[in-house]
Amino acid sequence: MRKRSAAADSAAAHADELFRSRLENQIDLRHPLAKLASRMPWGDLEDALAPTLPPVPCNPSSLTRWRQRLGEVGMEELLAQTVAAAR
């Protein structure tokens, strides 16, 4: 069995991306949750919550402990920012 070259793998990946629809083309940007997401101060939330989170992306199995790592203060911050953005 012959191995594919890196160039062939790259070309195949690029072709796959050509036919993939971007997320913003799949969702209704008029939906209230999409509007809320565009108003959220994501940078501020990241700055406030980063000390409680690991420095690398979470393993899906660790998402069940996400709220525990944020703690009550982190969840209150997230809720406060969500309410402020919704106003």
# chains A, B, ... in the order shown; residues from 1 in each chain; ligands from 1

call {"tool": "residues_around", "arguments": {"residues": "Arg67 in chain A", "least_positions_apart": "2", "cutoff": "12 Å", "atoms": "only C-alpha atoms", "output": "list in words"}}
result
Leu49, Thr52, Leu53, Ser62, Leu63, Thr64, Arg65, Arg69, Leu70, Gly71, Glu72, Val73, Gly74, Met75, Glu76, Glu77 and Leu78 of chain A

call {"tool": "atom_distance", "arguments": {"atom1": "CA of Lys35 in chain A", "atom2": "CA of Asn59 in chain A"}}
result
28.1 Å

call {"tool": "residues_around", "arguments": {"residues": "Ala37 in chain A", "least_positions_apart": "5", "cutoff": "9 Å", "atoms": "only C-alpha atoms", "output": "VMD selection string"}}
result
chain A and resid 32 42 82 85

call {"tool": "write_last_selection", "arguments": {"atoms": "N, CA, C and O atoms", "output": "tab-separated table (two decimals), in the first residue's frame"}}
result
chain	number	residue	atom	x	y	z
A	32	PRO	N	-32.50	35.27	18.93
A	32	PRO	CA	-32.09	35.98	20.16
A	32	PRO	C	-30.77	35.49	20.75
A	32	PRO	O	-29.98	36.30	21.23
A	42	TRP	N	-16.72	38.76	25.43
A	42	TRP	CA	-15.96	37.52	25.58
A	42	TRP	C	-14.57	37.75	26.13
A	42	TRP	O	-14.08	36.98	26.95
A	82	THR	N	-23.92	37.95	31.03
A	82	THR	CA	-25.00	37.54	30.12
A	82	THR	C	-26.20	38.47	30.25
A	82	THR	O	-26.75	38.93	29.24
A	85	ALA	N	-25.34	41.92	28.78
A	85	ALA	CA	-25.33	41.89	27.32
A	85	ALA	C	-26.75	41.82	26.76
A	85	ALA	O	-27.03	42.39	25.70

call {"tool": "select_by_dssp", "arguments": {"residues": "range 14-82 of chain A", "states": "helix (DSSP H, G or I)", "output": "number ranges by chain"}}
result
A: 14-18, 23-25, 32-39, 42-52, 60-82

call {"tool": "residues_around", "arguments": {"residues": "Arg39 in chain A", "least_positions_apart": "5", "cutoff": "12 Å", "atoms": "only C-alpha atoms", "output": "count of residues only"}}
result
11
